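Data file: my_file-v6.txt. Format and content: compact mmCIF, C-alpha atoms.
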```txt
# COMPACT_ATOMS: atom_id res chain seq x y z
CA MET A 285 -35.69 -26.93 7.94
CA ALA A 286 -36.12 -30.08 5.83
CA THR A 287 -36.69 -27.96 2.75
CA THR A 288 -33.53 -25.99 3.48
CA GLY A 289 -31.57 -29.23 3.90
CA ARG A 290 -32.81 -30.61 0.57
CA GLY A 291 -31.88 -27.30 -1.10
CA GLU A 292 -28.31 -27.42 0.25
CA GLU A 293 -27.99 -31.07 -0.77
CA GLY A 294 -29.12 -30.17 -4.29
CA GLU A 295 -26.59 -27.33 -4.51
CA ARG A 296 -23.82 -29.61 -3.30
CA ARG A 297 -24.66 -32.22 -5.94
CA SER A 298 -24.80 -29.56 -8.64
CA GLU A 299 -21.38 -28.26 -7.58
CA GLU A 300 -19.93 -31.78 -7.63
CA LYS A 301 -21.42 -32.38 -11.07
CA ARG A 302 -19.95 -29.10 -12.35
CA ARG A 303 -16.49 -29.96 -10.98
CA SER A 304 -16.67 -33.45 -12.46
CA GLU A 305 -17.55 -31.99 -15.86
CA GLU A 306 -14.63 -29.52 -15.61
CA LYS A 307 -12.23 -32.35 -14.81
CA ARG A 308 -13.46 -34.33 -17.83
CA ARG A 309 -12.98 -31.28 -20.07
CA GLU A 310 -9.48 -30.70 -18.69
CA LYS A 311 -8.62 -34.36 -19.22
CA ARG A 312 -9.84 -34.25 -22.85
CA HIS A 313 -7.88 -31.03 -23.40
CA GLU A 314 -4.72 -32.56 -21.93
CA GLU A 315 -5.07 -35.69 -24.10
CA LYS A 316 -5.58 -33.52 -27.17
CA ARG A 317 -2.50 -31.42 -26.26
CA ARG A 318 -0.35 -34.55 -25.82
CA GLU A 319 -1.57 -35.94 -29.14
CA GLU A 320 -0.71 -32.67 -30.92
CA LYS A 321 2.74 -32.64 -29.29
CA ARG A 322 3.37 -36.26 -30.36
CA LYS A 323 2.32 -35.42 -33.92
CA ARG A 324 4.62 -32.37 -34.00
CA GLU A 325 7.55 -34.49 -32.81
CA GLU A 326 6.82 -37.15 -35.44
CA ASP A 327 6.58 -34.46 -38.14
CA SER A 328 9.87 -32.97 -36.92
CA VAL A 329 11.65 -36.34 -37.14
CA THR A 330 10.14 -37.03 -40.57
CA GLY A 331 11.17 -33.59 -41.80
CA PHE A 332 14.70 -34.02 -40.47
CA LYS A 333 15.06 -37.40 -42.20
CA LYS A 334 13.86 -35.89 -45.50
CA ILE A 335 16.35 -33.02 -45.22
CA THR A 336 19.33 -35.24 -44.40
CA LYS A 337 18.35 -37.77 -47.09
CA LYS A 338 18.15 -34.99 -49.70
CA ARG A 339 21.53 -33.58 -48.61
CA ARG A 340 23.17 -37.03 -48.81
CA ARG A 341 21.71 -37.49 -52.29
CA ASP A 342 22.74 -33.99 -53.44
CA ASN A 343 26.27 -34.37 -52.05
CA GLY A 344 26.74 -37.98 -53.12
CA LEU A 345 27.35 -39.06 -49.53
CA GLU A 346 26.65 -42.54 -48.17
CA GLU A 347 25.06 -43.43 -44.87
CA PRO A 348 27.31 -42.73 -41.82
CA THR A 349 30.07 -45.26 -41.33
CA PRO A 350 29.64 -47.58 -38.32
CA GLY A 351 31.63 -46.05 -35.49
CA CYS A 352 30.47 -42.51 -36.34
CA SER A 353 26.81 -43.00 -35.49
CA GLY A 354 25.19 -43.36 -32.11
CA ASP A 355 25.26 -46.36 -29.81
CA PRO A 356 23.22 -49.34 -31.02
CA GLY A 357 19.61 -48.81 -30.10
CA SER A 358 19.85 -45.03 -29.83
CA SER A 359 16.96 -43.19 -31.42
CA GLY A 360 15.82 -39.71 -32.38
CA PRO A 361 16.56 -37.42 -35.32
CA TYR A 362 20.25 -36.95 -34.37
CA ALA A 363 21.13 -40.56 -33.57
CA ARG A 364 22.83 -41.12 -36.95
CA LEU A 365 24.13 -37.60 -37.48
CA ASN A 366 27.67 -37.93 -38.81
CA ILE A 367 30.18 -35.31 -37.61
CA SER A 368 30.72 -34.17 -41.21
CA ARG A 369 27.06 -33.06 -41.38
CA PHE A 370 27.54 -30.17 -38.95
CA ASN A 371 27.90 -26.59 -40.19
CA ILE A 372 30.96 -25.01 -38.55
CA HIS A 373 30.81 -21.25 -37.93
CA GLN A 374 33.76 -20.06 -35.81
CA VAL A 375 36.43 -21.01 -33.30
CA LEU A 376 35.33 -20.44 -29.69
CA GLY A 377 38.61 -21.35 -28.03
CA ARG A 378 41.88 -23.25 -28.27
CA GLY A 379 43.69 -25.42 -25.76
CA ALA A 380 46.55 -27.85 -25.35
CA PHE A 381 44.60 -30.79 -26.80
CA GLY A 382 42.73 -29.05 -29.62
CA LYS A 383 40.06 -26.43 -30.21
CA VAL A 384 36.38 -25.79 -29.60
CA VAL A 385 34.20 -24.57 -32.47
CA LEU A 386 30.66 -23.27 -32.75
CA ALA A 387 28.52 -25.47 -34.98
CA SER A 388 24.88 -25.83 -35.98
CA VAL A 389 22.80 -28.90 -36.71
CA PRO A 390 21.51 -29.13 -40.30
CA GLY A 391 17.76 -28.75 -40.60
CA SER A 392 17.35 -27.21 -37.13
CA ASN A 393 18.05 -24.06 -35.16
CA ILE A 394 20.22 -25.86 -32.60
CA ASN A 395 23.73 -24.51 -31.93
CA VAL A 396 26.35 -26.72 -30.29
CA ALA A 397 29.97 -26.49 -29.18
CA VAL A 398 32.25 -29.12 -30.73
CA LYS A 399 35.51 -29.92 -28.97
CA MET A 400 38.01 -31.35 -31.45
CA ILE A 401 40.87 -33.40 -29.96
CA SER A 402 43.74 -35.11 -31.74
CA LYS A 403 43.60 -38.86 -31.07
CA ARG A 404 47.36 -39.26 -31.40
CA ASP A 405 48.82 -40.21 -27.97
CA ASN A 406 45.60 -38.99 -26.28
CA GLU A 407 43.45 -42.12 -26.13
CA ASP A 408 43.47 -42.39 -22.31
CA THR A 409 42.74 -38.68 -21.93
CA ILE A 410 39.86 -38.83 -24.41
CA LEU A 411 38.25 -41.86 -22.79
CA ARG A 412 38.60 -40.32 -19.32
CA GLU A 413 36.98 -37.07 -20.43
CA ARG A 414 34.15 -39.05 -22.03
CA ARG A 415 33.53 -40.95 -18.77
CA ILE A 416 33.44 -37.72 -16.79
CA LEU A 417 31.17 -35.95 -19.29
CA LEU A 418 28.74 -38.86 -19.12
CA ALA A 419 28.66 -38.53 -15.33
CA ALA A 420 28.26 -34.73 -15.53
CA ARG A 421 25.03 -34.89 -17.54
CA HIS A 422 23.03 -35.41 -14.33
CA CYS A 423 24.06 -32.07 -12.79
CA PRO A 424 22.45 -28.75 -13.91
CA PHE A 425 25.64 -26.80 -13.14
CA LEU A 426 27.99 -28.78 -15.39
CA CYS A 427 28.31 -28.71 -19.17
CA HIS A 428 26.28 -31.50 -20.80
CA LEU A 429 27.45 -33.88 -23.51
CA TYR A 430 25.11 -34.37 -26.48
CA ALA A 431 27.16 -36.81 -28.53
CA ALA A 432 30.66 -38.08 -29.27
CA HIS A 433 32.02 -38.93 -32.72
CA GLN A 434 35.37 -39.54 -34.37
CA SER A 435 37.26 -39.39 -37.63
CA GLN A 436 40.57 -40.99 -38.48
CA HIS A 437 42.66 -38.45 -36.59
CA ARG A 438 40.29 -36.65 -34.21
CA ALA A 439 37.69 -37.23 -31.52
CA TYR A 440 34.74 -34.84 -31.30
CA PHE A 441 32.71 -34.01 -28.20
CA ILE A 442 29.42 -32.32 -29.11
CA THR A 443 28.20 -30.35 -26.09
CA GLU A 444 25.82 -27.54 -25.23
CA TYR A 445 26.66 -24.14 -26.62
CA LEU A 446 26.60 -21.85 -23.56
CA SER A 447 25.75 -18.50 -25.08
CA GLY A 448 25.94 -16.32 -21.95
CA GLY A 449 29.72 -15.91 -22.02
CA SER A 450 32.22 -16.71 -19.28
CA LEU A 451 32.58 -15.46 -15.73
CA GLU A 452 35.91 -13.99 -16.85
CA ASP A 453 34.06 -11.88 -19.44
CA LEU A 454 31.63 -10.70 -16.75
CA ILE A 455 34.41 -9.78 -14.30
CA ARG A 456 36.35 -7.86 -16.96
CA MET A 457 33.22 -5.99 -17.97
CA CYS A 458 32.08 -5.11 -14.41
CA GLY A 459 35.38 -4.93 -12.50
CA CYS A 460 33.75 -6.66 -9.56
CA LEU A 461 30.24 -8.03 -8.96
CA ASN A 462 27.75 -6.99 -6.31
CA ILE A 463 27.55 -9.26 -3.30
CA GLY A 464 24.20 -10.79 -4.26
CA ASN A 465 25.55 -11.91 -7.62
CA VAL A 466 28.69 -13.30 -5.99
CA ARG A 467 26.55 -15.29 -3.54
CA PHE A 468 24.36 -16.77 -6.28
CA TYR A 469 27.20 -17.76 -8.62
CA THR A 470 29.31 -19.15 -5.79
CA ALA A 471 26.42 -21.26 -4.48
CA GLU A 472 25.83 -22.78 -7.93
CA MET A 473 29.57 -23.50 -8.27
CA VAL A 474 29.54 -25.15 -4.83
CA SER A 475 26.68 -27.41 -5.98
CA GLY A 476 28.54 -28.35 -9.16
CA LEU A 477 31.79 -29.12 -7.34
CA GLN A 478 30.05 -31.16 -4.64
CA PHE A 479 28.37 -33.21 -7.37
CA LEU A 480 31.74 -33.95 -9.00
CA HIS A 481 33.45 -34.72 -5.70
CA GLY A 482 30.59 -37.03 -4.73
CA LEU A 483 31.51 -39.08 -7.82
CA LYS A 484 35.22 -38.99 -6.85
CA ILE A 485 36.01 -36.55 -9.67
CA VAL A 486 38.38 -33.60 -9.21
CA HIS A 487 38.15 -30.82 -11.82
CA ARG A 488 41.71 -29.42 -11.31
CA ASP A 489 41.22 -26.28 -13.44
CA ILE A 490 38.54 -24.13 -11.79
CA LYS A 491 38.94 -20.53 -13.01
CA PRO A 492 36.61 -17.81 -14.39
CA ASP A 493 37.36 -18.84 -17.99
CA ASN A 494 35.95 -22.30 -17.22
CA ILE A 495 32.76 -20.99 -15.62
CA MET A 496 30.14 -20.19 -18.25
CA LEU A 497 26.64 -18.74 -18.12
CA ASP A 498 23.86 -20.48 -20.01
CA ALA A 499 21.13 -18.62 -21.88
CA ASP A 500 19.09 -18.30 -18.66
CA GLY A 501 22.00 -16.93 -16.60
CA HIS A 502 22.80 -20.05 -14.59
CA ILE A 503 26.37 -21.24 -13.95
CA ARG A 504 27.91 -24.10 -15.94
CA ILE A 505 31.34 -25.51 -15.14
CA ILE A 506 33.08 -26.53 -18.38
CA ASP A 507 36.38 -27.98 -19.67
CA LEU A 508 36.68 -31.34 -17.95
CA GLY A 509 39.75 -32.23 -20.01
CA LEU A 510 42.07 -31.99 -16.99
CA ALA A 511 39.60 -33.58 -14.57
CA GLN A 512 40.55 -36.85 -12.89
CA ASP A 513 38.14 -39.55 -11.76
CA GLY A 514 38.61 -42.26 -9.15
CA VAL A 515 40.01 -39.82 -6.56
CA SER A 516 39.22 -40.57 -2.91
CA SER A 517 40.62 -39.96 0.56
CA SER A 518 42.65 -43.16 0.20
CA LYS A 519 43.62 -42.58 -3.43
CA ASN A 520 45.01 -39.14 -4.20
CA ILE A 521 46.64 -37.94 -7.41
CA SER A 522 49.76 -35.98 -8.35
CA GLY A 523 51.03 -33.84 -11.19
CA VAL A 524 51.32 -30.09 -11.72
CA THR A 525 48.06 -29.53 -13.60
CA GLY A 526 45.81 -26.50 -13.91
CA THR A 527 46.25 -22.74 -14.33
CA PHE A 528 49.26 -21.42 -12.39
CA HIS A 529 47.65 -18.60 -10.36
CA TYR A 530 44.69 -20.81 -9.39
CA MET A 531 46.68 -23.88 -8.33
CA ALA A 532 46.69 -24.87 -4.64
CA PRO A 533 49.93 -24.94 -2.57
CA GLU A 534 50.04 -28.74 -2.56
CA VAL A 535 49.97 -28.79 -6.38
CA HIS A 536 52.82 -26.26 -6.57
CA ARG A 537 54.78 -28.32 -4.03
CA ARG A 538 54.29 -31.40 -6.25
CA LYS A 539 52.65 -33.35 -3.44
CA GLN A 540 49.75 -35.75 -3.76
CA TYR A 541 46.38 -34.05 -3.54
CA GLY A 542 42.62 -34.58 -3.73
CA ALA A 543 39.39 -32.60 -4.01
CA ALA A 544 40.73 -29.81 -1.76
CA VAL A 545 42.51 -28.27 -4.77
CA ASP A 546 39.13 -27.34 -6.30
CA TRP A 547 38.08 -25.51 -3.12
CA TRP A 548 41.31 -23.49 -3.16
CA SER A 549 40.68 -22.51 -6.79
CA LEU A 550 37.11 -21.56 -5.89
CA GLY A 551 38.49 -19.22 -3.23
CA ILE A 552 40.54 -17.39 -5.87
CA VAL A 553 37.50 -17.19 -8.17
CA VAL A 554 35.30 -15.76 -5.39
CA SER A 555 37.95 -13.12 -4.67
CA ARG A 556 38.06 -12.22 -8.38
CA MET A 557 34.28 -11.81 -8.42
CA ALA A 558 33.92 -9.89 -5.14
CA ALA A 559 37.10 -7.80 -5.05
CA GLY A 560 37.98 -7.67 -8.74
CA ARG A 561 41.39 -9.25 -8.16
CA SER A 562 43.21 -12.27 -6.75
CA PRO A 563 44.15 -12.18 -3.04
CA PHE A 564 47.73 -13.09 -4.05
CA TYR A 565 50.24 -11.65 -6.50
CA ASN A 566 48.77 -12.19 -9.98
CA GLY A 567 51.51 -10.75 -12.22
CA PRO A 568 53.70 -12.35 -14.89
CA VAL A 569 56.59 -13.31 -12.57
CA LYS A 570 55.77 -16.90 -11.66
CA GLN A 571 58.36 -17.11 -8.88
CA MET A 572 56.68 -14.23 -7.04
CA ALA A 573 53.26 -15.86 -7.49
CA PHE A 574 54.66 -19.17 -6.24
CA LYS A 575 56.08 -17.58 -3.07
CA ALA A 576 52.83 -15.71 -2.39
CA ILE A 577 50.68 -18.85 -2.74
CA ILE A 578 53.01 -20.94 -0.58
CA ASN A 579 53.88 -18.46 2.16
CA GLU A 580 51.71 -15.35 2.25
CA LYS A 581 48.27 -14.66 3.70
CA PRO A 582 45.54 -13.51 1.29
CA LYS A 583 45.08 -9.74 0.98
CA PHE A 584 41.73 -7.99 0.49
CA PRO A 585 40.51 -4.42 0.00
CA SER A 586 39.21 -2.84 3.23
CA TRP A 587 35.69 -2.37 1.81
CA LEU A 588 35.11 -6.07 1.07
CA ASP A 589 32.08 -7.67 2.74
CA ALA A 590 33.07 -9.40 6.01
CA ASP A 591 31.26 -12.68 5.28
CA VAL A 592 32.73 -13.10 1.81
CA LYS A 593 36.19 -12.24 3.16
CA HIS A 594 35.81 -14.92 5.85
CA LEU A 595 34.61 -17.45 3.25
CA ILE A 596 37.63 -16.80 1.02
CA LYS A 597 40.04 -17.13 3.94
CA LYS A 598 38.51 -20.50 4.89
CA LEU A 599 38.79 -21.71 1.29
CA LEU A 600 42.44 -20.59 1.11
CA HIS A 601 43.80 -22.53 4.10
CA LYS A 602 47.29 -23.73 3.20
CA ASP A 603 46.59 -27.10 4.84
CA PRO A 604 44.15 -28.97 2.54
CA GLN A 605 42.79 -30.98 5.47
CA THR A 606 41.48 -27.83 7.20
CA ARG A 607 40.25 -26.16 4.02
CA LEU A 608 36.53 -25.38 3.88
CA GLY A 609 34.81 -27.85 1.58
CA VAL A 610 36.96 -30.66 2.93
CA SER A 611 36.62 -29.66 6.58
CA GLY A 612 33.13 -28.53 7.58
CA ASN A 613 29.95 -27.98 5.58
CA ILE A 614 30.47 -25.05 3.23
CA ARG A 615 26.71 -24.67 2.79
CA GLU A 616 26.41 -23.68 6.45
CA HIS A 617 28.81 -20.75 6.13
CA PRO A 618 27.16 -17.41 7.09
CA PHE A 619 27.73 -16.09 3.56
CA PHE A 620 25.06 -18.53 2.30
CA THR A 621 22.43 -17.82 4.97
CA THR A 622 19.92 -16.53 2.40
CA ILE A 623 20.42 -19.43 -0.04
CA GLY A 624 17.68 -22.06 -0.27
CA TRP A 625 19.79 -24.97 -1.43
CA GLU A 626 16.94 -27.22 -2.53
CA ASP A 627 15.41 -24.49 -4.72
CA LEU A 628 18.87 -23.60 -6.03
CA GLU A 629 19.63 -27.17 -7.11
CA GLU A 630 16.27 -27.38 -8.87
CA ARG A 631 17.09 -24.11 -10.71
CA ARG A 632 14.06 -22.44 -9.16
CA VAL A 633 16.14 -19.47 -7.98
CA GLU A 634 16.04 -16.59 -10.46
CA PRO A 635 19.55 -15.69 -11.78
CA PRO A 636 20.78 -12.09 -11.24
CA PHE A 637 20.35 -11.36 -14.94
CA ARG A 638 19.66 -13.08 -18.24
CA PRO A 639 22.50 -12.68 -20.77
CA PHE A 640 21.82 -10.90 -24.04
CA ARG A 641 21.39 -13.19 -27.03
CA PRO A 642 24.72 -13.04 -28.89
CA VAL A 643 24.96 -12.36 -32.61
CA LEU A 644 26.73 -15.29 -34.26
CA GLU A 645 29.54 -14.60 -36.66
CA ASN A 646 29.42 -16.48 -39.95
CA HIS A 647 33.09 -17.35 -40.30
CA HIS A 648 32.78 -20.74 -41.93
CA LEU A 649 35.66 -23.17 -41.44
CA GLN A 650 36.78 -25.68 -44.04
CA TRP A 651 35.95 -29.18 -42.82
CA PRO A 652 38.50 -31.94 -43.64
CA GLU A 653 37.63 -34.75 -46.00
CA HIS A 654 36.16 -37.83 -44.28
CA THR A 655 38.57 -40.76 -44.36
CA VAL A 656 38.74 -44.39 -43.21
CA LEU A 657 38.14 -44.73 -39.47
CA HIS A 658 40.48 -46.12 -36.84
CA PRO A 659 38.05 -46.02 -33.90
CA VAL A 660 38.89 -45.45 -30.27
CA ALA A 661 37.29 -48.51 -28.70
CA GLY A 662 34.11 -47.89 -26.75
CA PHE A 663 34.02 -44.18 -27.53
CA THR A 664 30.99 -43.25 -29.63
CA TYR A 665 27.96 -42.06 -27.65
CA VAL A 666 24.66 -40.23 -28.20
CA SER A 667 22.76 -38.77 -25.24
CA PRO A 668 19.15 -39.95 -24.78
CA SER A 669 18.19 -36.25 -24.53
CA TRP A 670 19.99 -35.28 -27.76
CA ALA A 671 16.76 -35.41 -29.78
CA ARG A 672 14.90 -33.02 -27.52
```

Translate the structure of the given file into structure tokens.
Amino acid sequence: MATTGRGEEGERRSEEKRRSEEKRREKRHEEKRREEKRKREEDSVTGFKKITKKRRRDNGLEEPTPGCSGDPGSSGPYARLNISRFNIHQVLGRGAFGKVVLASVPGSNINVAVKMISKRDNEDTILRERRILLAARHCPFLCHLYAAHQSQHRAYFITEYLSGGSLEDLIRMCGCLNIGNVRFYTAEMVSGLQFLHGLKIVHRDIKPDNIMLDADGHIRIIDLGLAQDGVSSSKNISGVTGTFHYMAPEVHRRKQYGAAVDWWSLGIVVSRMAAGRSPFYNGPVKQMAFKAIINEKPKFPSWLDADVKHLIKKLLHKDPQTRLGVSGNIREHPFFTTIGWEDLEERRVEPPFRPFRPVLENHHLQWPEHTVLHPVAGFTYVSPSWAR
């Protein structure tokens, strides 16, 4: 028995020694991997600096003018990247305040979207959008700001390029989406809206065109140009703002309103996804659309899933105080029974599909000559993650 005991003790010690040796090997391997990663990053920064220095020398350009570079103390290979260094490829969209173009970063394979806004009479709007974009960078379901720059006449927001296309594109291509896809996309939109509302921000223009898919197939809410911050239950806002067929009754009635308007718009978007159409008149005659939104009950096809129909009805209450999202916990609605919210918010839930990688068009735009700056005070910004 004693011999057996000594044998077992010897085996145990041998096993412990083997495990200890494995841990030391793993630790050395991890240290080596981190050192190689650090060296690659340093080489990347060095290479970027060489490329940009050569281009400045070849083009006879000086160092970026103060006011065009990043915040003092910002670091990384893009911290001093002047807006005129970007290669512009094509226009992605146009709006009331300017246009959005697809651009690439010199010396890298990074594509970005650049929103170009005229500074004339828009200073308050620009600064508000910058504040909101800075807040949005902490949510995985909102478009993220990389940097902000300016020239004499324009402000430039450099954001992620979301290559998966818009929800509008997806709806037009499919007609309507299957119920599992609708559930996933709606849940991610709910998370994004709740994040904004928790910061007292109202988007005011939720529609399929402003819901993009990233390269992995996750939802991103974009276009915060009409968003308003500082909105609370005691401080509402006013003004007819948004896209007509997605605007809530209180907006059409020119009353004061709050976050409930986003939940109404979400209801229209969910109907578009699930049924392929709006639950109200969606034609060109605005007076008919106005009357339907103000007075009529939403209409659905008979085959529509009962839970999604109930969800849409709750989101489209005429009274904003009883509208789901404002009244009650939307996450507890039966439509979301199968959603694990914690996994969803950590992006651990697999999207319904991964978008195809788009082929970029090489329509180069002529960039205007750089001129003397008249900065918008407190505007320029570079994200700490911009050098990733």

Find the residues of segment 381-471 of chain A that sit at most 10 Å from segment 570-593 of chain A; for each, write down the nearest two atoms and how far apart they are in Å, to one decimal. Count all atoms listed in the file. Sort by chain, then by number going up, and give it as a Markdown table.
```
| residue | atom | partner | partner_atom | distance |
| --- | --- | --- | --- | --- |
| A:Ile463 | CA | A:Asp589 | CA | 7.7 |
| A:Val466 | CA | A:Val592 | CA | 8.8 |
| A:Arg467 | CA | A:Val592 | CA | 8.5 |
```

**Prompt:** Do you know which residues are at most 9 Å from Cys427 of chain A counting all atoms listed in the file, after dropping those on the same chain fewer than 3 positions away, and could you put them as a list in words?
**Reply:**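 Listing them by chain and then by number gives Leu417, Ala420, Arg421, Cys423, Pro424, Thr443, Glu444, Tyr445, Leu446, Met496, Arg504, Ile505, Ile506, Asp507 and Leu508 of chain A.
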
**Request:** May I ask for the distance between atom CA of Leu608 of chain A and atom CA of Val633 of chain A, given in Å to one decimal place?
**Result:** 24.3 Å

**Request:** Could you check which of A:Phe425, A:Tyr440, A:Trp548, A:Phe370 is closest to Tyr469 of chain A, using all atoms listed in the file?
**Result:**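 Under the stated criterion, the closest residue is A:Phe425.
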
Taking only residues of segment 535-643 of chain A that have an atom at most 12 Å from an atom of segment 448-459 of chain A, what is each one's shortest atom pair and its distance in Å to one decimal, using only C-alpha atoms, in chain and number order, as a tab-separated table?
```
residue	atom	partner	partner_atom	distance
A:Val553	CA	A:Leu451	CA	9.2
A:Val554	CA	A:Leu451	CA	10.7
A:Ser555	CA	A:Ile455	CA	10.8
A:Arg556	CA	A:Ile455	CA	7.4
A:Met557	CA	A:Ile455	CA	6.2
A:Ala558	CA	A:Gly459	CA	9.0
A:Ala559	CA	A:Gly459	CA	8.2
A:Gly560	CA	A:Gly459	CA	5.3
A:Arg561	CA	A:Gly459	CA	8.6
A:Ser562	CA	A:Ile455	CA	11.9
A:Phe637	CA	A:Gly448	CA	10.2
A:Arg638	CA	A:Gly448	CA	8.0
A:Pro639	CA	A:Gly448	CA	5.1
A:Phe640	CA	A:Gly448	CA	7.1
A:Arg641	CA	A:Gly448	CA	7.5
A:Pro642	CA	A:Gly448	CA	7.8
A:Val643	CA	A:Gly448	CA	11.4
```

**Request:** For each of A:Ile401, A:Val384, A:Ile416, A:Val486, take the minimum atom-to-atom distance to Gln436 of chain A, counting all atoms listed in the file, then give the residue where this is smallest.
**Result:**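 Distance minimum relative to Gln436 of chain A lands on A:Ile401.
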
**Close residues, Ala543 of chain A itself excluded, 10 Å, only C-alpha atoms, min 4 positions apart in chain, as a list in words** =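 In the requested format, the answer is Leu477, Gln478, Leu480, His481, Gly482, Lys484, Ile485, Val486, His487, Arg488, Gln512, Val515, Ser516, Ser517, Asn520, Ile521, Trp547, Trp548, Pro604, Gly609 and Val610 of chain A.
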
**Point-to-point distance in Å for atom CA of Ile596 of chain A and atom CA of Phe620 of chain A** = 12.8 Å

**Item:** Nearest residue to Thr527 of chain A from the set A:Ser298, A:Gln374, A:Ser549, A:Gln540 (distances using only C-alpha atoms)
**Value:**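 Looking at the shortest contact to Thr527 of chain A, the residue is A:Ser549.
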
**Atom-to-atom span, atom CA of Glu626 of chain A and atom CA of Val474 of chain A, Å** = 13.0 Å

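Nearest to Ile367 of chain A of all the residues A:Ala431, A:Tyr530, A:Leu550, A:Glu319 is A:Ala431, based on all atoms listed in the file.
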
**Message:** For a quick check of understanding, using all atoms listed in the file, which of A:Phe619, A:Leu497, A:Phe663, A:Arg631 has the smallest distance to Arg438 of chain A?
**Reply:**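 Looking only at the distances to Arg438 of chain A, the closest residue turns out to be A:Phe663.
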
**Item:** Residue with smallest distance to Gly464 of chain A - pool A:Leu386, A:Ile623, A:Leu628, A:Ile552, counting all atoms listed in the file
**Value:**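 When distances to Gly464 of chain A are compared using all atoms listed in the file, the smallest one comes from A:Ile623.
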
Please enclose the listed atoms of segment 411-417 of chain A in an axis-aligned box, pad each side by 6 Å, and write out the centre and the three edge lengths in Å, rounded to one decimal, as lines of an AutoDock Vina configuration file.
```
center_x = 34.9
center_y = -38.9
center_z = -19.8
size_x = 19.4
size_y = 17.9
size_z = 18.0
```
